[in-house]
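Content type CSV, C-alpha atoms, from the file start-v8.csv:
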chain,number,residue,atom,x,y,z
F,1436,MET,CA,73.9,-13.5,26.7
F,1437,ILE,CA,71.1,-15.3,24.8
F,1438,ASP,CA,70.3,-19.0,25.4
F,1439,LYS,CA,70.6,-20.4,21.9
F,1440,GLN,CA,69.4,-24.0,22.7
F,1441,TRP,CA,66.4,-25.3,20.7
F,1442,GLU,CA,64.3,-28.2,21.7
F,1443,SER,CA,64.8,-30.3,18.5
F,1444,ALA,CA,66.4,-30.5,15.2
F,1445,ALA,CA,63.0,-30.2,13.5
F,1446,ALA,CA,62.2,-27.0,15.3
F,1447,ALA,CA,65.6,-25.6,14.5
F,1448,VAL,CA,65.3,-26.0,10.8
F,1449,ALA,CA,61.6,-25.3,10.4
F,1450,ASP,CA,62.1,-21.9,8.7
F,1451,ILE,CA,64.4,-23.2,6.0
F,1452,GLU,CA,62.2,-22.6,3.0
F,1453,ASP,CA,62.2,-23.9,-0.5
F,1454,GLY,CA,65.0,-22.4,-2.6
F,1455,SER,CA,67.2,-21.6,0.4
F,1456,SER,CA,71.0,-21.7,0.3
F,1457,LEU,CA,72.8,-23.9,2.8
F,1458,ALA,CA,76.5,-24.2,3.8
F,1459,VAL,CA,76.9,-27.7,5.3
F,1460,GLY,CA,79.9,-29.0,7.3
F,1461,GLY,CA,81.6,-32.3,6.8
F,1462,PHE,CA,84.5,-33.9,5.0
F,1463,GLY,CA,83.6,-37.1,3.4
F,1464,LEU,CA,81.2,-38.5,6.1
F,1465,SER,CA,83.2,-37.1,9.0
F,1466,GLY,CA,81.4,-34.4,10.9
F,1467,ASN,CA,78.2,-34.5,8.9
F,1468,PRO,CA,75.3,-32.8,10.7
F,1469,ILE,CA,73.1,-35.8,10.0
F,1470,ALA,CA,70.3,-35.0,12.5
F,1471,LEU,CA,69.8,-31.6,10.9
F,1472,ILE,CA,70.0,-33.0,7.4
F,1473,GLU,CA,67.4,-35.6,8.3
F,1474,ALA,CA,65.1,-32.9,9.7
F,1475,VAL,CA,65.3,-30.9,6.5
F,1476,LEU,CA,64.5,-34.0,4.6
F,1477,ALA,CA,61.5,-34.8,6.8
F,1478,GLN,CA,60.0,-31.4,6.4
F,1479,GLY,CA,60.1,-31.6,2.6
F,1480,THR,CA,62.2,-28.6,1.8
F,1481,LYS,CA,63.3,-28.6,-1.9
F,1482,ASP,CA,65.1,-26.6,-4.6
F,1483,LEU,CA,68.1,-26.2,-2.2
F,1484,SER,CA,71.4,-24.7,-3.2
F,1485,VAL,CA,74.0,-26.4,-1.1
F,1486,VAL,CA,77.7,-25.6,-0.5
F,1487,SER,CA,79.7,-28.4,1.0
F,1488,ASN,CA,83.0,-30.2,0.5
F,1489,ASN,CA,81.1,-33.2,-1.0
F,1490,CYS,CA,77.5,-34.6,-1.2
F,1491,GLY,CA,77.7,-37.6,1.1
F,1492,VAL,CA,77.0,-41.0,-0.3
F,1493,ASP,CA,73.8,-42.5,-1.7
F,1494,ASP,CA,72.3,-43.3,1.7
F,1495,TRP,CA,74.0,-41.0,4.1
F,1496,GLY,CA,74.8,-37.3,4.7
F,1497,LEU,CA,73.6,-34.9,2.0
F,1498,GLY,CA,73.1,-37.9,-0.2
F,1499,ILE,CA,69.7,-38.5,1.3
F,1500,LEU,CA,68.6,-35.0,0.3
F,1501,LEU,CA,70.1,-35.6,-3.2
F,1502,GLY,CA,68.3,-38.9,-3.5
F,1503,ALA,CA,65.0,-37.3,-2.7
F,1504,GLN,CA,65.8,-34.7,-5.4
F,1505,ARG,CA,65.7,-31.8,-2.9
F,1506,ILE,CA,68.9,-30.3,-4.1
F,1507,ARG,CA,69.0,-28.0,-7.2
F,1508,LYS,CA,72.6,-27.0,-7.1
F,1509,MET,CA,75.8,-28.3,-5.4
F,1510,THR,CA,79.0,-26.2,-4.9
F,1511,SER,CA,81.6,-28.8,-3.9
F,1512,SER,CA,85.3,-29.7,-4.2
F,1513,TYR,CA,84.9,-33.5,-4.3
F,1514,VAL,CA,82.0,-35.5,-5.8
F,1515,GLY,CA,83.4,-39.0,-6.3
F,1516,GLU,CA,81.5,-41.2,-3.8
F,1517,ASN,CA,77.9,-40.8,-4.9
F,1518,LYS,CA,76.5,-42.6,-7.9
F,1519,GLU,CA,73.2,-40.7,-7.8
F,1520,PHE,CA,75.1,-37.5,-7.9
F,1521,GLU,CA,76.8,-38.6,-11.2
F,1522,ARG,CA,73.4,-39.7,-12.6
F,1523,GLN,CA,71.6,-36.4,-11.8
F,1524,PHE,CA,74.5,-34.3,-13.1
F,1525,LEU,CA,74.9,-36.1,-16.4
F,1526,SER,CA,71.2,-36.2,-17.0
F,1527,GLY,CA,70.8,-32.5,-16.5
F,1528,GLU,CA,68.9,-32.7,-13.2
F,1529,LEU,CA,71.6,-31.1,-11.0
F,1530,GLU,CA,73.8,-28.0,-11.4
F,1531,VAL,CA,77.3,-28.4,-10.0
F,1532,ASP,CA,79.9,-25.7,-9.3
F,1533,LEU,CA,83.1,-27.8,-8.9
F,1534,THR,CA,85.6,-25.7,-6.9
F,1535,PRO,CA,89.2,-26.3,-5.8
F,1536,GLN,CA,89.1,-27.4,-2.1
F,1537,GLY,CA,91.3,-24.7,-0.6
F,1538,THR,CA,89.5,-22.1,-2.7
F,1539,LEU,CA,86.1,-23.4,-1.4
F,1540,ALA,CA,87.3,-23.2,2.2
F,1541,GLU,CA,88.5,-19.6,1.7
F,1542,LYS,CA,85.3,-18.6,0.0
F,1543,LEU,CA,83.3,-19.7,3.1
F,1544,ARG,CA,85.7,-18.1,5.5
F,1545,ALA,CA,85.7,-14.9,3.5
F,1546,GLY,CA,81.9,-14.9,3.4
F,1547,GLY,CA,81.7,-15.1,7.1
F,1548,SER,CA,84.3,-12.4,7.6
F,1549,GLY,CA,82.7,-9.7,5.5
F,1550,ILE,CA,85.2,-10.1,2.6
F,1551,ALA,CA,83.6,-9.8,-0.8
F,1552,ALA,CA,86.4,-11.5,-2.8
F,1553,PHE,CA,90.0,-12.5,-2.9
F,1554,PHE,CA,92.8,-13.3,-5.3
F,1555,THR,CA,94.5,-16.8,-5.4
F,1556,GLN,CA,96.9,-18.5,-7.7
F,1557,THR,CA,94.9,-21.7,-7.6
F,1558,GLY,CA,93.2,-22.3,-11.0
F,1559,VAL,CA,95.3,-19.8,-13.0
F,1560,GLY,CA,95.8,-21.2,-16.5
F,1561,THR,CA,93.0,-23.6,-16.3
F,1562,GLN,CA,89.2,-23.6,-16.9
F,1563,VAL,CA,88.7,-22.6,-13.3
F,1564,ALA,CA,89.9,-19.2,-14.4
F,1565,GLU,CA,89.2,-19.3,-18.1
F,1566,GLY,CA,85.7,-20.6,-17.9
F,1567,GLY,CA,83.9,-23.3,-19.8
F,1568,LEU,CA,83.6,-25.9,-17.1
F,1569,PRO,CA,80.2,-27.7,-17.4
F,1570,ARG,CA,77.9,-26.7,-14.6
F,1571,LYS,CA,74.6,-28.1,-16.0
F,1572,TYR,CA,73.8,-30.4,-18.9
F,1573,ASN,CA,70.7,-30.5,-21.1
F,1574,THR,CA,68.8,-33.8,-21.2
F,1575,ASP,CA,70.4,-34.5,-24.6
F,1576,GLY,CA,73.9,-34.3,-23.1
F,1577,ARG,CA,74.9,-30.9,-24.3
F,1578,VAL,CA,76.3,-28.3,-21.9
F,1579,ASP,CA,73.4,-26.0,-20.8
F,1580,VAL,CA,75.3,-23.8,-18.2
F,1581,ALA,CA,79.1,-23.4,-18.2
F,1582,SER,CA,81.3,-21.6,-15.7
F,1583,PRO,CA,82.1,-18.0,-16.7
F,1584,PRO,CA,85.6,-16.6,-17.1
F,1585,LYS,CA,87.1,-14.9,-14.0
F,1586,ASP,CA,89.2,-11.8,-13.6
F,1587,VAL,CA,92.9,-12.6,-13.6
F,1588,ARG,CA,95.5,-10.0,-12.5
F,1589,ALA,CA,99.2,-9.9,-12.0
F,1590,PHE,CA,100.7,-8.9,-8.7
F,1591,GLU,CA,104.4,-8.7,-7.6
F,1592,VAL,CA,105.2,-11.3,-5.1
F,1593,ASN,CA,108.8,-11.6,-3.7
F,1594,GLY,CA,110.1,-9.6,-6.7
F,1595,GLN,CA,108.3,-11.6,-9.3
F,1596,MET,CA,105.1,-10.9,-11.2
F,1597,ARG,CA,102.6,-13.7,-10.8
F,1598,GLU,CA,99.0,-14.1,-12.0
F,1599,PHE,CA,96.1,-14.5,-9.6
F,1600,VAL,CA,92.4,-15.3,-10.2
F,1601,LEU,CA,89.6,-13.4,-8.4
F,1602,GLU,CA,87.3,-15.6,-6.4
F,1603,GLU,CA,84.1,-14.3,-4.9
F,1604,ALA,CA,83.1,-15.2,-1.3
F,1605,ILE,CA,80.2,-17.4,-0.4
F,1606,ALA,CA,77.5,-16.5,2.1
F,1607,THR,CA,74.4,-18.5,2.5
F,1608,ASP,CA,70.9,-18.2,4.1
F,1609,PHE,CA,71.6,-21.0,6.6
F,1610,SER,CA,74.5,-23.2,7.7
F,1611,LEU,CA,74.3,-26.7,9.3
F,1612,VAL,CA,77.2,-28.0,11.3
F,1613,HIS,CA,78.2,-30.7,13.8
F,1614,ALA,CA,80.3,-30.3,16.9
F,1615,ALA,CA,81.4,-32.5,19.8
F,1616,ARG,CA,80.6,-30.0,22.5
F,1617,GLY,CA,78.9,-26.7,22.8
F,1618,ASP,CA,77.4,-24.4,25.4
F,1619,ARG,CA,74.1,-22.5,25.4
F,1620,HIS,CA,75.8,-19.4,24.1
F,1621,GLY,CA,76.8,-21.3,20.9
F,1622,ASN,CA,80.6,-21.7,21.6
F,1623,LEU,CA,81.7,-24.9,19.8
F,1624,VAL,CA,84.4,-27.5,20.1
F,1625,PHE,CA,85.0,-30.0,17.3
F,1626,ASN,CA,86.6,-33.4,17.6
F,1627,LYS,CA,89.6,-34.3,15.4
F,1628,ALA,CA,88.6,-34.8,11.7
F,1629,ALA,CA,85.2,-33.3,12.3
F,1630,ARG,CA,87.0,-30.0,12.6
F,1631,ASN,CA,87.1,-29.8,8.8
F,1632,PHE,CA,84.7,-27.6,6.9
F,1633,ASN,CA,82.4,-27.2,9.9
F,1634,PRO,CA,83.8,-23.9,11.3
F,1635,LEU,CA,84.0,-22.4,7.9
F,1636,ALA,CA,80.5,-23.5,6.9
F,1637,ALA,CA,79.2,-22.1,10.3
F,1638,MET,CA,80.8,-18.7,9.5
F,1639,ALA,CA,79.2,-18.4,6.1
F,1640,GLY,CA,75.6,-18.8,7.1
F,1641,ARG,CA,73.4,-15.9,7.9
F,1642,ILE,CA,71.7,-18.2,10.4
F,1643,CYS,CA,73.9,-21.0,11.8
F,1644,ILE,CA,72.3,-24.1,13.2
F,1645,ALA,CA,74.6,-26.4,15.2
F,1646,GLN,CA,74.0,-30.0,16.4
F,1647,VAL,CA,76.2,-31.0,19.3
F,1648,GLU,CA,76.8,-34.3,21.0
F,1649,GLU,CA,77.1,-32.7,24.4
F,1650,LEU,CA,75.6,-29.4,25.6
F,1651,VAL,CA,77.1,-27.8,28.6
F,1652,GLU,CA,76.5,-24.7,30.6
F,1653,PRO,CA,78.3,-21.4,29.9
F,1654,GLY,CA,81.7,-21.3,31.6
F,1655,GLU,CA,82.3,-25.1,31.4
F,1656,LEU,CA,84.3,-24.9,28.2
F,1657,ASP,CA,87.9,-23.8,28.5
F,1658,PRO,CA,88.1,-20.6,26.4
F,1659,ASP,CA,91.4,-21.8,24.9
F,1660,SER,CA,89.7,-25.0,23.7
F,1661,VAL,CA,86.8,-23.2,21.8
F,1662,HIS,CA,87.3,-23.7,18.0
F,1663,LEU,CA,84.3,-21.5,17.0
F,1664,PRO,CA,83.0,-18.6,19.1
F,1665,GLY,CA,79.3,-18.3,19.7
F,1666,VAL,CA,79.0,-15.1,17.8
F,1667,PHE,CA,78.8,-17.2,14.6
F,1668,VAL,CA,76.1,-19.6,16.0
F,1669,ASN,CA,72.4,-18.8,16.2
F,1670,ARG,CA,70.8,-22.1,17.2
F,1671,ILE,CA,72.1,-25.2,19.0
F,1672,VAL,CA,70.5,-28.6,19.4
F,1673,GLU,CA,71.8,-31.4,21.6
F,1674,VAL,CA,71.7,-34.8,19.7
F,1675,GLY,CA,73.6,-37.0,22.1
F,1676,ARG,CA,76.9,-38.9,22.0
F,1677,ASP,CA,75.3,-42.0,20.4
F,1678,ILE,CA,74.3,-40.3,17.2
F,1679,PRO,CA,75.3,-42.5,14.3
F,1680,LYS,CA,78.7,-41.8,12.6
F,1681,ARG,CA,79.7,-43.3,9.3
F,1682,ILE,CA,82.9,-43.6,7.3
F,1683,GLU,CA,83.1,-44.2,3.6
F,1684,ARG,CA,85.4,-47.3,3.7
F,1685,ARG,CA,86.6,-49.3,6.7
F,1686,THR,CA,90.1,-50.6,6.2
F,1687,VAL,CA,91.6,-53.0,8.7
F,1688,ALA,CA,94.8,-55.1,8.7
F,1689,ALA,CA,94.5,-58.9,8.3
F,1690,GLU,CA,94.8,-60.8,11.6
F,1691,GLY,CA,98.5,-61.3,12.6
F,1692,VAL,CA,99.8,-58.6,10.2
As structure tokens, the full file:
Amino acid sequence: MIDKQWESAAAAVADIEDGSSLAVGGFGLSGNPIALIEAVLAQGTKDLSVVSNNCGVDDWGLGILLGAQRIRKMTSSYVGENKEFERQFLSGELEVDLTPQGTLAEKLRAGGSGIAAFFTQTGVGTQVAEGGLPRKYNTDGRVDVASPPKDVRAFEVNGQMREFVLEEAIATDFSLVHAARGDRHGNLVFNKAARNFNPLAAMAGRICIAQVEELVEPGELDPDSVHLPGVFVNRIVEVGRDIPKRIERRTVAAEGV
């Protein structure tokens, strides 16, 4: 087996070139591969096409790449926590492919499984299927790029004919993910909510780079506890258990309640 450990996040992302496509794990700010994102920012890579559930916030996660105007296109299912995202999209600086969340998850899984496309009922009868959703604006506020119409077909399900929309899989040049534990062979274990889009993003990348809080020797992970097998992971970097972790909003009860 190949030892997939790399000495640093900077070394692991060094061959991500301008114009690359990235699948990035995380849900909100949970499970963001922040060390890898910061390394991409530091090396100056630009014109990125990024696929992720969301784009972080203005000063964290993918938001730091967006704020530095390194992202050309975002494919996401949720975009509501980032004011700079709104500004860039409405001013024509950013292209956005807004995708239903379950569909986005399946697009990534399909891309990593060698499946070219799939049919789903999600989006039937809406602009998701019919096309016309704004993807990019001109500087004068007019729509420059709109989503195209998709193939819709009827299939019999439980004795009833139902319409389904064809969705194409997503495969990217690289994927960046965060895991709690991993071994040198690339087997990964995710912690609670961080097991969100991380396994799916990992599968979709031609080269998957994983940051882990704890790196262990092969054989130390219980095979039944492995969430993502090492066959999907190409590089692994240990970032330590003290790596910063953020949440969007901290909500606590008043004292005595």
Rows by chain and residue number, range 1437-1479 of chain F within 12 Å of range 1529-1552 of chain F, shortest pair, only C-alpha atoms, as CSV:
residue,atom,partner,partner_atom,distance
F:Leu1457,CA,F:Leu1543,CA,11.3
F:Ala1458,CA,F:Leu1543,CA,8.2
F:Val1459,CA,F:Leu1543,CA,10.5
F:Gly1460,CA,F:Ala1540,CA,10.7
F:Gly1461,CA,F:Ala1540,CA,11.7
F:Phe1462,CA,F:Gln1536,CA,10.7
Dump as CSV the rows for residues of range 1598-1675 of chain F within 12 Å of range 1574-1586 of chain F: closest atom pair and distance in Å with one decimal, only C-alpha atoms counted, ordered by chain and rising residue number.
residue,atom,partner,partner_atom,distance
F:Glu1598,CA,F:Asp1586,CA,10.2
F:Phe1599,CA,F:Asp1586,CA,8.4
F:Val1600,CA,F:Asp1586,CA,5.8
F:Leu1601,CA,F:Asp1586,CA,5.5
F:Glu1602,CA,F:Lys1585,CA,7.6
F:Glu1603,CA,F:Lys1585,CA,9.6
Exercise for review: Please measure the separation of CA of Gly1640 in chain F and CA of Gly1617 in chain F, giving the value in Å to one decimal.
Suggested key: 17.9 Å
Practice item. Write out as a ChimeraX atom specification which residues come within 7 Å of range 1674-1678 of chain F when counting all atoms listed in the file, dropping same-chain ones fewer than 3 positions away. Key: /F:1646-1649
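Of the residues under consideration (F:Met1509, F:Lys1627, F:Asp1618, F:Gln1595), F:Asp1618 shows the shortest atom-to-atom contact distance to Gly1654 in chain F when counting only C-alpha atoms.
Take CA of Ala1449 in chain F and CA of His1662 in chain F: the distance between them is 26.8 Å.
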Review point. When distances are computed from all atoms listed in the file, which of F:Val1687, F:Ala1604, F:Val1559, F:Ile1437 shows the smallest separation from Ala1636 in chain F?
Key: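 For Ala1636 in chain F, the nearest of the candidates is F:Ala1604.
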Practice item. Go ahead and compute the interatomic distance for CA of Asn1622 in chain F and CA of Leu1663 in chain F, in Å to one decimal. Key: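 Separation between CA of Asn1622 in chain F and CA of Leu1663 in chain F: 5.9 Å.
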Exercise for review: Can you work out which one of F:Phe1524, F:Trp1495, F:Phe1667, F:Tyr1572 has the shortest atom-to-atom distance to Pro1468 in chain F, counting all atoms listed in the file?
Suggested key: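 Among the listed residues, the smallest separation from Pro1468 in chain F belongs to F:Trp1495.
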Review point. Closest to Phe1520 in chain F among F:Val1666, F:Leu1500, F:Cys1490, F:Val1475, using all atoms listed in the file?
Key: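 Closest to Phe1520 in chain F of all the choices is F:Cys1490.
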Review point. Which residue out of F:Asp1493, F:Glu1516, F:Glu1591, F:Glu1690 has the minimum interatomic distance to Gly1463 in chain F when all atoms listed in the file are used?
Key: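 Closest candidate: F:Glu1516.
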Contact residues around Ala1645 in chain F with all atoms listed in the file at 12 Å, ignoring same-chain residues under 5 positions, as a tab-separated table (two decimals) with C-alpha atoms, in the coordinates of the input:
chain	number	residue	atom	x	y	z
F	1439	LYS	CA	70.60	-20.40	21.90
F	1440	GLN	CA	69.40	-24.00	22.70
F	1441	TRP	CA	66.40	-25.30	20.70
F	1443	SER	CA	64.80	-30.30	18.50
F	1444	ALA	CA	66.40	-30.50	15.20
F	1447	ALA	CA	65.60	-25.60	14.50
F	1448	VAL	CA	65.30	-26.00	10.80
F	1458	ALA	CA	76.50	-24.20	3.80
F	1459	VAL	CA	76.90	-27.70	5.30
F	1460	GLY	CA	79.90	-29.00	7.30
F	1466	GLY	CA	81.40	-34.40	10.90
F	1467	ASN	CA	78.20	-34.50	8.90
F	1468	PRO	CA	75.30	-32.80	10.70
F	1469	ILE	CA	73.10	-35.80	10.00
F	1470	ALA	CA	70.30	-35.00	12.50
F	1471	LEU	CA	69.80	-31.60	10.90
F	1472	ILE	CA	70.00	-33.00	7.40
F	1609	PHE	CA	71.60	-21.00	6.60
F	1610	SER	CA	74.50	-23.20	7.70
F	1611	LEU	CA	74.30	-26.70	9.30
F	1612	VAL	CA	77.20	-28.00	11.30
F	1613	HIS	CA	78.20	-30.70	13.80
F	1614	ALA	CA	80.30	-30.30	16.90
F	1615	ALA	CA	81.40	-32.50	19.80
F	1616	ARG	CA	80.60	-30.00	22.50
F	1617	GLY	CA	78.90	-26.70	22.80
F	1618	ASP	CA	77.40	-24.40	25.40
F	1619	ARG	CA	74.10	-22.50	25.40
F	1620	HIS	CA	75.80	-19.40	24.10
F	1621	GLY	CA	76.80	-21.30	20.90
F	1622	ASN	CA	80.60	-21.70	21.60
F	1623	LEU	CA	81.70	-24.90	19.80
F	1624	VAL	CA	84.40	-27.50	20.10
F	1625	PHE	CA	85.00	-30.00	17.30
F	1633	ASN	CA	82.40	-27.20	9.90
F	1634	PRO	CA	83.80	-23.90	11.30
F	1636	ALA	CA	80.50	-23.50	6.90
F	1637	ALA	CA	79.20	-22.10	10.30
F	1638	MET	CA	80.80	-18.70	9.50
F	1640	GLY	CA	75.60	-18.80	7.10
F	1650	LEU	CA	75.60	-29.40	25.60
F	1663	LEU	CA	84.30	-21.50	17.00
F	1665	GLY	CA	79.30	-18.30	19.70
F	1667	PHE	CA	78.80	-17.20	14.60
F	1668	VAL	CA	76.10	-19.60	16.00
F	1669	ASN	CA	72.40	-18.80	16.20
F	1670	ARG	CA	70.80	-22.10	17.20
F	1671	ILE	CA	72.10	-25.20	19.00
F	1672	VAL	CA	70.50	-28.60	19.40
F	1673	GLU	CA	71.80	-31.40	21.60
F	1674	VAL	CA	71.70	-34.80	19.70
Which residues of range 1562-1648 of chain F come within 10 Å of range 1451-1455 of chain F, and what is each one's closest atom pair and distance in Å (one decimal), counting all atoms listed in the file, sorted by chain and residue number, as a tab-separated table?
residue	atom	partner	partner_atom	distance
F:Thr1607	CA	F:Ser1455	CA	8.1
F:Asp1608	CA	F:Ser1455	CA	6.2
F:Phe1609	CA	F:Ile1451	CA	7.6
F:Ile1642	CA	F:Ile1451	CA	9.9
